[in-house]
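Structure record follows, encoded as C-alpha cells.
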There are 2 protein chains.
Amino acid sequence: MDAAVIGGGVIGLSVAWRAARAGLRVAVIDPDPGSGASHFAAGMIAPVGEAEFGEEAVVALNCDSAARYPSFIAELELDAGRSAGYRQTGTLHVAVDGDEQAALERQFRFRQHLGLAVERLTSSQTRELEPALAPSIRGGMLVESDHQIDPRAMVPTLLQACSRLGVQIHRSRASLLVDRGRVTGVGLASGERLDTSKVVLAAGCWAGVVSGVPAEDVPPVRPVKGQILRLRGAPEMIARTIRGESVYILPRGDGRVVIGGTVEERGFDTSVIAGAVYGLLREARALLPDVAELELVEASAGLRPGSPDNMPMVGDSTTEGLIVATGHFRNGYLLAPATADAVAGVLAGGRWPEATQPWSPARFRRTAEVSA
Amino acid sequence: MDAAVIGGGVIGLSVAWRAARAGLRVAVIDPDPGSGASHFAAGMIAPVGEAEFGEEAVVALNCDSAARYPSFIAELELDAGRSAGYRQTGTLHVAVDGDEQAALERQFRFRQHLGLAVERLTSSQTRELEPALAPSIRGGMLVESDHQIDPRAMVPTLLQACSRLGVQIHRSRASLLVDRGRVTGVGLASGERLDTSKVVLAAGCWAGVVSGVPAEDVPPVRPVKGQILRLRGAPEMIARTIRGESVYILPRGDGRVVIGGTVEERGFDTSVIAGAVYGLLREARALLPDVAELELVEASAGLRPGSPDNMPMVGDSTTEGLIVATGHFRNGYLLAPATADAVAGVLAGGRWPEATQPWSPARFRRTAEVSA
C-alpha cells in the first residue's frame, strides 16, 4: 500500500482517486464514506460570490481550484462512467431592502477591486433574469462564473472512480500507527492493520479525534453545523442560484432545490432545529415566494470542518509521512480539485505547489510555539 | 372465519380486537397495518375542545366515545401487556389578538350552552397555567376533560392485543367477494381467499377504492390531508395541549411535541409542503416562542377519511354482511371505542346501538335516491 487516506468525504475520496490515477496503491478508511458534510452540502462552487473582505489572499486560491473543475470533472466522469452533477449556472445575489442594497454595492465594488467578473443589476434587470423573485427585490449582482456540483451525484461518482481504479475502501474507524516519529500504517476496528508509510488525515471535523495522531499534529479543527433543506417541485422556478443576505436557494435544474445558509457551533450535534428550519423558509420565501409551494423532502444538518482562521489545513505535519487535509469549512467541494492535485502530487513524490503553501497547518504550530 | 376487517388503522384494529375479545375468529387485511392516518395523527381525544357550531348532535356521540376511553384502554393494555400512551392532560385554548379573543368567547359560550365543562381564563391566568406561552396571549379557555393518546404507542398496542387474541393479520391488498347480494369473503393479492359472511370495510380514505364493493355501497369518502410536525427537546415546556386558532401543540410529557392543524384536499397526495411547515412553525412560535429551540424530528402528512358531512359512516350497507366503518375524519382515535363497540356488537349478533344510528351510511344513499 503506497498511501492510506483516513476519511471518505469529498476531500479524502478526491485525494484517493487522484493518487490512484497517478499509479499509487491507495486505501480509504471511513466507517461510512460520503455520509458526513459531503452528503449534506449544497455543492456551490462560488469563489467569486463567497469572496469575503479580509480574505483577498484566499480568493486567488479558491479561483484556482474552481478553474480546475471542468477538467477535474471530465476526467472523473471518464474514470467513473457516470455523471458528477456539475452545472455552470451562475449565481444571482439579491438585496431586499436599503441596507442590503448598500451591502451589495460594497460587495460589488470589492469584487471589482479584485478584478473579478461581476455585473450589477437594477431591480427590474434582476427580476427580468429571474421572474420568480419577489417584487420587493431592490437590486442584484450577477456572478456568471460561479457554478455548482450535486453532492448526491459527486460522492457516488468519486466512489465509483475509486473502485474502478482499484482503491480499497475499508468501512471502519481508523487509528494512526506511528513509530519513532514516522507513520507505519493505519489500524482498523477489526484489529487488522494496513502497512503504509504515508497517511492523509482527511476526516473533516473528526480529524481532531482520530486516535494515534501525535498531540502536536492534531489539527485544530471544530465542527461548524450547517442546517439545510432539500425541496422539489418547480423545475422552471429559477435558473440560477439565488443568494440573499442570510440564505441561498440553489436549483439543480430538475425541480430539486436546496436551501441553506445557517452557521452554528454546537459541537458534534446534527439535530435539525425548528427555529433554523423556520428561519430558512422565512428568508427563502421573502426572496422567492413560490418556495412555499415546493415539497419539503429533507431537513438535515452537516458538520463542516472549521479551522481557527476558517481556511484549510493542507500540508505536512511534524510526523514523517502524515499529511493533513482538512479544515475546508464551507469550501470542501470548491477546494477538492486543488487539494487533491496537491496532495496526490506529494504522495507521488513531488513537492507542495506554491499555491497551497499558505494552507500549511504549520501556521497554527508556529502560533502555538510563539505563544508558548 | 367469523369476520374479516379490511383496513388495519385504529378503527379496523379496534374493531378486530373487540370482536376477538367477544370470542369471534377475525382476520384483518391491510398491506401495511397502522401506516396510514393512524400513524400520523396527533391523537387528541377532544370532544369538548373540537365541538363545532352546527354539530351539536355530534358532540354527544363524541363525548360518549371519549367517556369509553379509560376502560377501553385498561382492557387493551391488559390484553396487550403494554402501554397505549393514554394521558389525561387537558387542553388550553388561547387567543393572541382581539379577534381571536372574541372568537374564543363565542366558543366558550357555545360550550356552556351545551352544558360542557369549560373554564374561561384571563391573560394572566392563562400564562400562570402555562408560563411558556407568549406574553401576547390575550386569554384562554381550559378544557380539563380533553385528553390524548399516543398513536405511536396505541397502534403497536392494538396489533399486540390482536395478535394475543388470535386475530390473523394479512399484509395484503384486499378485494371484497360478493355473490348475489351477500358477502362471501375477501380476496388477497396472492390469490388466496378468506371465506366469511361478514366483512367490515374500515379502510379509511381508501375505503372508496377497495375493489369488489358494489357501486351502491362504495362509501363517499375522500382523503383530507393533514400535515404534522414531530419535535422533541423540552419535557417541561408545556403540560397541556395548546390550541390556537389554526394550530395545536401537543406535549407527550417526555419532551416529544406534535404540531398540527392543516386541512387540505389534494387527493391521495402525502407530500410535505414547505409553506405548510412554515405556517405551522410560524403559528406555533407565535403561541409558544420556545418551539424554535426544539429539534424537528419528523415532518409528514396523513390522509384522513372525510365524508360528505365530515361525520363518520358506521353501519350496514345494502350488501348482506358488509358493514361500513370509515369517514372518521379528524376523530378516528376519539371515535374508535364507540365504533369498535358498536361494530363488534353487531358482528357478535347484536343490533346497532341507538347512539351510532345517526352515523349510518344510509343517510347518503337516501340523499342519492331522492335526488335521482
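Letters A, B, ... go to the chains of the C-alpha cells in the order shown; residues in each chain start at 1; ligands are counted from 1 in the same order.
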### Task
Excluding Met313 (chain A) and any residue of its chain fewer than 6 positions from it, enumerate the residues within 10 Å of it, using only C-alpha atoms, and give them as a count of residues only.
22
Using all C-alpha atoms paired in order, least-squares fit chain B onto chain A and give me the moved copy as a short mmCIF file (atom, residue, chain, number, x, y, z; two decimals) with C-alpha atoms, in the first residue's frame.
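Output contents, as saved in result_10.cif:
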```cif
data_model
loop_
_atom_site.label_atom_id
_atom_site.label_comp_id
_atom_site.auth_asym_id
_atom_site.auth_seq_id
_atom_site.Cartn_x
_atom_site.Cartn_y
_atom_site.Cartn_z
CA MET B 1 0.01 0.01 -0.02
CA ASP B 2 1.52 3.34 -1.09
CA ALA B 3 -0.84 5.52 0.94
CA ALA B 4 -3.91 5.39 3.15
CA VAL B 5 -6.51 8.15 3.41
CA ILE B 6 -8.41 8.46 6.68
CA GLY B 7 -11.79 9.94 5.77
CA GLY B 8 -14.04 9.24 2.79
CA GLY B 9 -15.66 12.62 2.21
CA VAL B 10 -15.18 14.70 -0.91
CA ILE B 11 -11.62 15.61 0.10
CA GLY B 12 -10.49 12.09 1.04
CA LEU B 13 -12.11 10.47 -1.98
CA SER B 14 -10.74 13.11 -4.36
CA VAL B 15 -7.24 12.63 -2.98
CA ALA B 16 -7.53 8.84 -3.24
CA TRP B 17 -8.86 8.97 -6.79
CA ARG B 18 -6.16 11.41 -7.97
CA ALA B 19 -3.42 9.36 -6.27
CA ALA B 20 -4.74 6.14 -7.82
CA ARG B 21 -4.84 7.88 -11.20
CA ALA B 22 -1.14 8.70 -10.67
CA GLY B 23 -0.47 4.98 -10.30
CA LEU B 24 -0.37 4.67 -6.50
CA ARG B 25 -1.96 1.84 -4.52
CA VAL B 26 -4.34 3.60 -2.14
CA ALA B 27 -6.80 2.71 0.63
CA VAL B 28 -9.57 4.86 2.10
CA ILE B 29 -10.79 4.17 5.62
CA ASP B 30 -14.15 5.55 6.75
CA PRO B 31 -16.99 3.96 8.76
CA ASP B 32 -19.51 5.28 6.20
CA PRO B 33 -17.89 7.00 3.20
CA GLY B 34 -19.61 10.12 1.90
CA SER B 35 -22.06 10.34 4.81
CA GLY B 36 -20.73 13.47 6.55
CA ALA B 37 -20.61 17.11 5.48
CA SER B 38 -20.07 15.96 1.86
CA HIS B 39 -23.52 14.34 1.86
CA PHE B 40 -25.36 17.37 3.19
CA ALA B 41 -23.51 20.20 1.43
CA ALA B 42 -25.30 22.24 -1.22
CA GLY B 43 -22.30 21.98 -3.56
CA MET B 44 -21.85 25.63 -4.54
CA ILE B 45 -18.58 26.28 -6.39
CA ALA B 46 -18.61 30.00 -5.73
CA PRO B 47 -15.15 31.53 -5.34
CA VAL B 48 -16.35 34.91 -6.58
CA GLY B 49 -19.70 35.00 -4.79
CA GLU B 50 -18.17 33.88 -1.50
CA ALA B 51 -15.17 36.21 -1.61
CA GLU B 52 -15.05 37.85 1.83
CA PHE B 53 -13.50 41.14 2.91
CA GLY B 54 -10.13 40.44 4.53
CA GLU B 55 -9.73 37.14 2.71
CA GLU B 56 -8.29 38.55 -0.52
CA ALA B 57 -5.41 36.05 -0.46
CA VAL B 58 -7.86 33.17 -0.27
CA VAL B 59 -9.84 34.33 -3.29
CA ALA B 60 -6.97 33.57 -5.64
CA LEU B 61 -6.59 30.06 -4.22
CA ASN B 62 -10.33 29.50 -4.45
CA CYS B 63 -10.45 30.74 -8.05
CA ASP B 64 -7.52 28.48 -8.89
CA SER B 65 -9.38 25.44 -7.56
CA ALA B 66 -12.64 26.45 -9.26
CA ALA B 67 -10.77 26.80 -12.56
CA ARG B 68 -9.65 23.17 -12.26
CA TYR B 69 -13.27 21.97 -12.08
CA PRO B 70 -14.10 21.42 -15.77
CA SER B 71 -11.12 19.13 -16.40
CA PHE B 72 -11.35 17.54 -12.94
CA ILE B 73 -14.97 16.60 -13.66
CA ALA B 74 -14.26 15.49 -17.22
CA GLU B 75 -11.58 13.10 -16.00
CA LEU B 76 -13.69 11.93 -13.07
CA GLU B 77 -16.69 11.16 -15.25
CA LEU B 78 -14.44 9.36 -17.70
CA ASP B 79 -13.00 7.19 -14.93
CA ALA B 80 -16.35 6.57 -13.23
CA GLY B 81 -18.55 6.26 -16.29
CA ARG B 82 -21.26 8.36 -14.67
CA SER B 83 -22.22 11.98 -14.13
CA ALA B 84 -20.91 14.03 -11.22
CA GLY B 85 -23.74 16.57 -11.44
CA TYR B 86 -21.61 19.57 -12.45
CA ARG B 87 -23.57 22.59 -13.71
CA GLN B 88 -22.36 26.03 -14.80
CA THR B 89 -25.41 28.08 -13.92
CA GLY B 90 -24.15 31.20 -12.16
CA THR B 91 -25.34 32.95 -9.04
CA LEU B 92 -27.62 35.93 -8.63
CA HIS B 93 -27.11 37.86 -5.38
CA VAL B 94 -30.13 39.94 -4.40
CA ALA B 95 -30.98 42.67 -1.91
CA VAL B 96 -34.47 43.06 -0.41
CA ASP B 97 -34.09 46.41 1.37
CA GLY B 98 -31.98 49.54 1.51
CA ASP B 99 -29.45 48.11 3.96
CA GLU B 100 -28.94 45.03 1.84
CA GLN B 101 -28.67 47.21 -1.28
CA ALA B 102 -25.85 49.17 0.36
CA ALA B 103 -24.14 45.94 1.46
CA LEU B 104 -24.50 44.49 -2.05
CA GLU B 105 -22.96 47.65 -3.52
CA ARG B 106 -19.93 47.23 -1.21
CA GLN B 107 -19.69 43.54 -2.20
CA PHE B 108 -19.80 44.55 -5.86
CA ARG B 109 -17.08 47.20 -5.52
CA PHE B 110 -14.87 44.81 -3.54
CA ARG B 111 -15.08 42.22 -6.33
CA GLN B 112 -14.44 44.85 -8.99
CA HIS B 113 -11.40 45.97 -6.98
CA LEU B 114 -10.14 42.36 -7.04
CA GLY B 115 -10.68 42.22 -10.79
CA LEU B 116 -13.45 39.62 -10.57
CA ALA B 117 -16.16 39.47 -13.23
CA VAL B 118 -19.43 40.59 -11.66
CA GLU B 119 -22.36 42.55 -12.99
CA ARG B 120 -24.53 44.97 -11.04
CA LEU B 121 -28.24 44.85 -11.84
CA THR B 122 -31.18 47.13 -11.17
CA SER B 123 -34.35 45.80 -9.57
CA SER B 124 -36.03 45.31 -12.93
CA GLN B 125 -32.94 43.72 -14.53
CA THR B 126 -32.76 41.33 -11.59
CA ARG B 127 -36.37 40.28 -11.93
CA GLU B 128 -36.10 40.05 -15.68
CA LEU B 129 -33.36 37.47 -15.20
CA GLU B 130 -35.34 35.53 -12.58
CA PRO B 131 -39.02 36.43 -12.83
CA ALA B 132 -39.99 34.34 -9.78
CA LEU B 133 -38.15 36.73 -7.46
CA ALA B 134 -40.29 38.80 -5.08
CA PRO B 135 -41.40 42.20 -6.42
CA SER B 136 -39.70 43.75 -3.37
CA ILE B 137 -36.19 42.87 -4.64
CA ARG B 138 -34.21 46.12 -4.74
CA GLY B 139 -31.27 45.07 -6.87
CA GLY B 140 -28.87 42.32 -7.76
CA MET B 141 -25.34 41.24 -8.57
CA LEU B 142 -24.78 38.54 -11.17
CA VAL B 143 -21.81 36.18 -10.92
CA GLU B 144 -21.82 34.18 -14.13
CA SER B 145 -18.64 32.27 -13.30
CA ASP B 146 -19.87 30.62 -10.08
CA HIS B 147 -21.22 27.14 -10.60
CA GLN B 148 -22.33 24.05 -8.71
CA ILE B 149 -21.86 20.35 -8.15
CA ASP B 150 -24.57 17.95 -6.95
CA PRO B 151 -23.11 16.19 -3.90
CA ARG B 152 -25.64 13.38 -4.23
CA ALA B 153 -24.13 12.65 -7.66
CA MET B 154 -20.50 13.64 -6.96
CA VAL B 155 -19.91 11.34 -3.97
CA PRO B 156 -21.15 8.13 -5.67
CA THR B 157 -19.19 9.12 -8.76
CA LEU B 158 -15.99 9.55 -6.74
CA LEU B 159 -16.62 6.19 -5.05
CA GLN B 160 -17.17 4.58 -8.44
CA ALA B 161 -13.99 6.12 -9.90
CA CYS B 162 -12.01 4.96 -6.85
CA SER B 163 -13.43 1.48 -7.16
CA ARG B 164 -12.59 1.26 -10.87
CA LEU B 165 -9.01 2.39 -10.21
CA GLY B 166 -8.55 -0.25 -7.52
CA VAL B 167 -8.74 1.97 -4.42
CA GLN B 168 -9.55 -0.20 -1.39
CA ILE B 169 -12.45 1.15 0.67
CA HIS B 170 -12.43 -0.04 4.29
CA ARG B 171 -15.67 0.69 6.14
CA SER B 172 -14.16 1.10 9.58
CA ARG B 173 -12.91 3.57 12.12
CA ALA B 174 -9.20 4.16 11.77
CA SER B 175 -6.32 4.84 14.12
CA LEU B 176 -2.96 6.16 13.04
CA LEU B 177 0.07 3.96 13.71
CA VAL B 178 3.31 5.85 14.36
CA ASP B 179 6.72 4.55 15.36
CA ARG B 180 9.53 6.90 16.37
CA GLY B 181 8.09 9.90 14.57
CA ARG B 182 7.26 8.04 11.35
CA VAL B 183 3.94 6.77 10.07
CA THR B 184 3.88 2.97 9.86
CA GLY B 185 0.23 2.36 8.96
CA VAL B 186 -3.41 2.51 9.93
CA GLY B 187 -5.25 0.28 12.43
CA LEU B 188 -8.83 -0.79 11.67
CA ALA B 189 -11.59 -1.52 14.17
CA SER B 190 -11.32 -5.24 13.32
CA GLY B 191 -7.74 -5.30 14.61
CA GLU B 192 -6.39 -5.57 11.06
CA ARG B 193 -3.58 -3.16 10.16
CA LEU B 194 -2.70 -1.61 6.85
CA ASP B 195 1.03 -1.09 6.47
CA THR B 196 1.98 2.13 4.71
CA SER B 197 4.44 4.92 5.22
CA LYS B 198 2.06 7.65 4.06
CA VAL B 199 -1.28 8.61 5.57
CA VAL B 200 -3.55 11.51 4.65
CA LEU B 201 -5.71 12.76 7.52
CA ALA B 202 -8.86 13.91 5.68
CA ALA B 203 -11.50 13.18 8.30
CA GLY B 204 -13.19 16.58 8.15
CA CYS B 205 -14.44 17.82 11.52
CA TRP B 206 -13.46 14.47 13.06
CA ALA B 207 -9.80 14.91 12.04
CA GLY B 208 -9.07 16.16 15.55
CA VAL B 209 -10.35 13.00 17.24
CA VAL B 210 -8.63 10.27 15.20
CA SER B 211 -6.70 8.18 17.69
CA GLY B 212 -2.96 7.73 17.42
CA VAL B 213 -2.23 11.17 15.96
CA PRO B 214 0.66 12.71 17.95
CA ALA B 215 -0.53 15.66 20.06
CA GLU B 216 1.46 18.26 18.13
CA ASP B 217 -0.14 17.13 14.86
CA VAL B 218 -3.78 17.01 15.94
CA PRO B 219 -5.42 19.53 13.59
CA PRO B 220 -7.23 22.34 15.46
CA VAL B 221 -10.47 21.59 13.66
CA ARG B 222 -14.00 22.07 15.00
CA PRO B 223 -17.48 21.12 13.74
CA VAL B 224 -19.48 24.04 12.28
CA LYS B 225 -23.08 23.00 11.86
CA GLY B 226 -25.00 23.88 8.72
CA GLN B 227 -28.72 23.17 8.49
CA ILE B 228 -30.08 22.58 5.05
CA LEU B 229 -33.40 21.92 3.37
CA ARG B 230 -33.99 19.86 0.23
CA LEU B 231 -37.17 20.52 -1.71
CA ARG B 232 -38.61 19.68 -5.09
CA GLY B 233 -41.38 20.63 -7.42
CA ALA B 234 -40.71 23.51 -9.79
CA PRO B 235 -38.08 22.84 -12.49
CA GLU B 236 -38.66 26.25 -14.06
CA MET B 237 -38.81 28.37 -10.89
CA ILE B 238 -35.22 29.66 -11.06
CA ALA B 239 -32.33 29.08 -13.44
CA ARG B 240 -29.54 30.35 -11.16
CA THR B 241 -28.57 30.07 -7.51
CA ILE B 242 -30.23 32.94 -5.63
CA ARG B 243 -28.31 34.39 -2.69
CA GLY B 244 -29.77 36.71 -0.13
CA GLU B 245 -27.99 38.08 2.89
CA SER B 246 -28.67 35.02 5.08
CA VAL B 247 -29.90 32.33 2.74
CA TYR B 248 -29.17 30.74 -0.61
CA ILE B 249 -31.57 28.88 -2.90
CA LEU B 250 -29.85 26.54 -5.30
CA PRO B 251 -31.69 24.86 -8.23
CA ARG B 252 -30.50 21.55 -9.62
CA GLY B 253 -32.36 22.15 -12.88
CA ASP B 254 -34.62 19.11 -12.46
CA GLY B 255 -37.04 20.56 -9.90
CA ARG B 256 -34.83 19.84 -6.91
CA VAL B 257 -33.95 22.89 -4.83
CA VAL B 258 -31.57 23.26 -1.88
CA ILE B 259 -31.95 25.98 0.76
CA GLY B 260 -29.20 26.68 3.25
CA GLY B 261 -27.21 29.38 4.92
CA THR B 262 -27.03 28.66 8.65
CA VAL B 263 -23.75 28.61 10.56
CA GLU B 264 -23.69 27.47 14.19
CA GLU B 265 -21.22 25.97 16.61
CA ARG B 266 -22.83 23.36 18.83
CA GLY B 267 -20.19 20.64 18.89
CA PHE B 268 -20.91 17.32 17.23
CA ASP B 269 -24.66 17.94 17.11
CA THR B 270 -26.50 17.21 13.87
CA SER B 271 -30.05 17.72 15.12
CA VAL B 272 -32.36 19.80 12.92
CA ILE B 273 -33.71 22.73 14.94
CA ALA B 274 -37.23 24.04 14.34
CA GLY B 275 -36.12 27.68 14.53
CA ALA B 276 -33.46 27.15 11.85
CA VAL B 277 -35.95 25.45 9.50
CA TYR B 278 -38.39 28.28 10.15
CA GLY B 279 -35.74 30.93 9.52
CA LEU B 280 -34.53 29.34 6.27
CA LEU B 281 -38.10 29.06 4.95
CA ARG B 282 -38.92 32.62 6.03
CA GLU B 283 -35.85 34.12 4.35
CA ALA B 284 -36.25 31.98 1.23
CA ARG B 285 -39.93 32.95 0.88
CA ALA B 286 -39.03 36.61 1.21
CA LEU B 287 -36.80 36.26 -1.87
CA LEU B 288 -38.83 33.70 -3.77
CA PRO B 289 -42.48 33.39 -2.70
CA ASP B 290 -43.05 30.21 -4.76
CA VAL B 291 -40.77 28.30 -2.37
CA ALA B 292 -43.90 27.85 -0.23
CA GLU B 293 -45.39 25.58 -2.93
CA LEU B 294 -42.45 23.18 -3.05
CA GLU B 295 -42.39 19.78 -1.40
CA LEU B 296 -40.05 19.60 1.59
CA VAL B 297 -38.14 16.38 1.05
CA GLU B 298 -35.36 16.57 3.62
CA ALA B 299 -34.31 18.76 6.53
CA SER B 300 -30.85 17.85 7.74
CA ALA B 301 -27.63 19.16 9.20
CA GLY B 302 -23.99 18.60 8.35
CA LEU B 303 -20.82 19.37 10.27
CA ARG B 304 -18.28 21.37 8.29
CA PRO B 305 -14.65 21.32 9.44
CA GLY B 306 -13.66 24.80 10.63
CA SER B 307 -10.06 25.80 11.36
CA PRO B 308 -9.04 28.66 13.67
CA ASP B 309 -8.90 31.07 10.69
CA ASN B 310 -11.58 29.19 8.70
CA MET B 311 -9.05 28.44 5.98
CA PRO B 312 -7.98 24.92 5.00
CA MET B 313 -5.16 22.99 6.61
CA VAL B 314 -3.38 21.12 3.82
CA GLY B 315 0.25 20.15 4.17
CA ASP B 316 2.83 18.17 6.08
CA SER B 317 2.68 17.52 9.80
CA THR B 318 5.67 17.04 12.12
CA THR B 319 5.23 13.25 11.87
CA GLU B 320 7.06 11.86 8.86
CA GLY B 321 4.56 10.54 6.31
CA LEU B 322 1.49 12.18 7.85
CA ILE B 323 -0.25 14.70 5.61
CA VAL B 324 -3.15 16.80 6.86
CA ALA B 325 -6.03 17.76 4.53
CA THR B 326 -8.96 19.18 6.46
CA GLY B 327 -10.45 22.50 7.66
CA HIS B 328 -12.15 23.25 4.34
CA PHE B 329 -15.17 24.71 6.17
CA ARG B 330 -17.77 25.86 3.61
CA ASN B 331 -15.47 25.15 0.66
CA GLY B 332 -14.92 21.39 0.63
CA TYR B 333 -16.35 20.94 -2.87
CA LEU B 334 -14.81 24.15 -4.17
CA LEU B 335 -11.33 23.21 -2.94
CA ALA B 336 -11.40 19.48 -3.69
CA PRO B 337 -9.56 19.73 -7.05
CA ALA B 338 -6.71 21.94 -5.77
CA THR B 339 -6.40 19.89 -2.58
CA ALA B 340 -6.47 16.55 -4.37
CA ASP B 341 -3.97 17.63 -7.02
CA ALA B 342 -1.57 18.98 -4.39
CA VAL B 343 -1.79 16.01 -2.02
CA ALA B 344 -1.67 13.39 -4.81
CA GLY B 345 1.38 15.17 -6.22
CA VAL B 346 3.19 14.97 -2.88
CA LEU B 347 2.17 11.33 -2.37
CA ALA B 348 3.66 10.59 -5.80
CA GLY B 349 6.98 12.10 -4.72
CA GLY B 350 6.50 15.73 -5.74
CA ARG B 351 6.61 18.91 -3.71
CA TRP B 352 3.84 21.13 -2.40
CA PRO B 353 2.83 23.64 -5.08
CA GLU B 354 3.30 27.27 -4.22
CA ALA B 355 -0.46 27.86 -4.29
CA THR B 356 -1.21 25.61 -1.35
CA GLN B 357 1.69 26.68 0.85
CA PRO B 358 -0.44 29.28 2.69
CA TRP B 359 -2.69 26.39 3.72
CA SER B 360 0.07 24.56 5.62
CA PRO B 361 -1.04 23.50 9.10
CA ALA B 362 2.37 24.74 10.25
CA ARG B 363 0.81 28.22 10.61
CA PHE B 364 -0.99 27.06 13.77
CA ARG B 365 2.08 25.26 15.15
CA ARG B 366 4.13 28.44 14.78
CA THR B 367 1.50 30.44 16.65
CA ALA B 368 1.49 27.85 19.42
CA GLU B 369 5.29 27.91 19.71
CA VAL B 370 5.38 31.70 19.82
CA SER B 371 2.74 31.91 22.50
CA ALA B 372 4.38 29.08 24.53
#
```
### Task
Enumerate the residues of region 33-247 of chain B with a DSSP assignment of strand (DSSP E or B), computed from the backbone, and present them as a ChimeraX atom specification.
/B:44-45,86-87,91-95,119-122,139-143,147-149,168-170,174-179,182-188,193-195,199-201,211,222-232,241-243
Output for the residues just chosen: C-alpha atoms as a PDB file, in the first residue's frame:
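The resulting file, again.pdb, is shown below:
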```pdb
ATOM      1  CA  MET B  44     -56.155  14.282  20.555  1.00  0.00           C
ATOM      2  CA  ILE B  45     -59.250  12.938  22.320  1.00  0.00           C
ATOM      3  CA  TYR B  86     -53.141   7.405  27.106  1.00  0.00           C
ATOM      4  CA  ARG B  87     -52.776  10.675  29.032  1.00  0.00           C
ATOM      5  CA  THR B  91     -56.319  21.338  26.576  1.00  0.00           C
ATOM      6  CA  LEU B  92     -55.732  25.059  26.871  1.00  0.00           C
ATOM      7  CA  HIS B  93     -57.242  27.112  24.040  1.00  0.00           C
ATOM      8  CA  VAL B  94     -55.601  30.514  23.648  1.00  0.00           C
ATOM      9  CA  ALA B  95     -56.259  33.756  21.791  1.00  0.00           C
ATOM     10  CA  GLU B 119     -63.275  27.417  32.163  1.00  0.00           C
ATOM     11  CA  ARG B 120     -62.597  30.908  30.834  1.00  0.00           C
ATOM     12  CA  LEU B 121     -59.233  32.387  31.793  1.00  0.00           C
ATOM     13  CA  THR B 122     -57.747  35.861  31.734  1.00  0.00           C
ATOM     14  CA  GLY B 139     -56.900  34.978  27.131  1.00  0.00           C
ATOM     15  CA  GLY B 140     -57.683  31.307  27.336  1.00  0.00           C
ATOM     16  CA  MET B 141     -60.245  28.557  27.735  1.00  0.00           C
ATOM     17  CA  LEU B 142     -59.340  25.462  29.719  1.00  0.00           C
ATOM     18  CA  VAL B 143     -60.865  22.089  28.858  1.00  0.00           C
ATOM     19  CA  HIS B 147     -57.135  14.099  26.753  1.00  0.00           C
ATOM     20  CA  GLN B 148     -54.792  12.324  24.357  1.00  0.00           C
ATOM     21  CA  ILE B 149     -53.495   9.037  23.057  1.00  0.00           C
ATOM     22  CA  GLN B 168     -54.975 -13.101  11.780  1.00  0.00           C
ATOM     23  CA  ILE B 169     -53.153 -10.174  10.175  1.00  0.00           C
ATOM     24  CA  HIS B 170     -52.772 -10.496   6.399  1.00  0.00           C
ATOM     25  CA  ALA B 174     -57.949  -6.923  -0.276  1.00  0.00           C
ATOM     26  CA  SER B 175     -60.912  -7.236  -2.593  1.00  0.00           C
ATOM     27  CA  LEU B 176     -64.446  -7.890  -1.453  1.00  0.00           C
ATOM     28  CA  LEU B 177     -66.114 -11.075  -2.698  1.00  0.00           C
ATOM     29  CA  VAL B 178     -69.886 -10.849  -3.139  1.00  0.00           C
ATOM     30  CA  ASP B 179     -72.325 -13.379  -4.549  1.00  0.00           C
ATOM     31  CA  ARG B 182     -74.257 -11.418   0.028  1.00  0.00           C
ATOM     32  CA  VAL B 183     -70.673 -11.195   1.211  1.00  0.00           C
ATOM     33  CA  THR B 184     -68.817 -14.481   0.679  1.00  0.00           C
ATOM     34  CA  GLY B 185     -65.279 -13.468   1.635  1.00  0.00           C
ATOM     35  CA  VAL B 186     -62.184 -11.432   0.896  1.00  0.00           C
ATOM     36  CA  GLY B 187     -59.634 -11.990  -1.885  1.00  0.00           C
ATOM     37  CA  LEU B 188     -55.941 -11.383  -1.161  1.00  0.00           C
ATOM     38  CA  ARG B 193     -59.380 -16.184  -0.426  1.00  0.00           C
ATOM     39  CA  LEU B 194     -60.731 -15.914   3.080  1.00  0.00           C
ATOM     40  CA  ASP B 195     -64.242 -17.296   3.352  1.00  0.00           C
ATOM     41  CA  VAL B 199     -66.733  -8.051   6.253  1.00  0.00           C
ATOM     42  CA  VAL B 200     -66.051  -4.660   7.833  1.00  0.00           C
ATOM     43  CA  LEU B 201     -64.871  -2.008   5.387  1.00  0.00           C
ATOM     44  CA  SER B 211     -62.322  -3.482  -5.419  1.00  0.00           C
ATOM     45  CA  ARG B 222     -62.305  11.376   0.307  1.00  0.00           C
ATOM     46  CA  PRO B 223     -58.731  11.950   1.545  1.00  0.00           C
ATOM     47  CA  VAL B 224     -58.280  15.108   3.645  1.00  0.00           C
ATOM     48  CA  LYS B 225     -54.596  15.826   4.040  1.00  0.00           C
ATOM     49  CA  GLY B 226     -53.178  16.866   7.390  1.00  0.00           C
ATOM     50  CA  GLN B 227     -49.557  17.963   7.678  1.00  0.00           C
ATOM     51  CA  ILE B 228     -47.918  17.418  11.002  1.00  0.00           C
ATOM     52  CA  LEU B 229     -44.601  18.078  12.692  1.00  0.00           C
ATOM     53  CA  ARG B 230     -42.966  15.972  15.392  1.00  0.00           C
ATOM     54  CA  LEU B 231     -40.385  17.651  17.593  1.00  0.00           C
ATOM     55  CA  ARG B 232     -38.560  16.941  20.811  1.00  0.00           C
ATOM     56  CA  THR B 241     -52.183  20.678  24.682  1.00  0.00           C
ATOM     57  CA  ILE B 242     -52.169  24.298  23.491  1.00  0.00           C
ATOM     58  CA  ARG B 243     -54.677  25.224  20.795  1.00  0.00           C
TER      59      ARG B 243
END
```
### Message
Please identify the helix (DSSP H, G or I) residues within region 29-86 of chain A (assignment by DSSP from backbone atoms) and present them as a ChimeraX atom specification.
### Response
/A:37-40,56-80
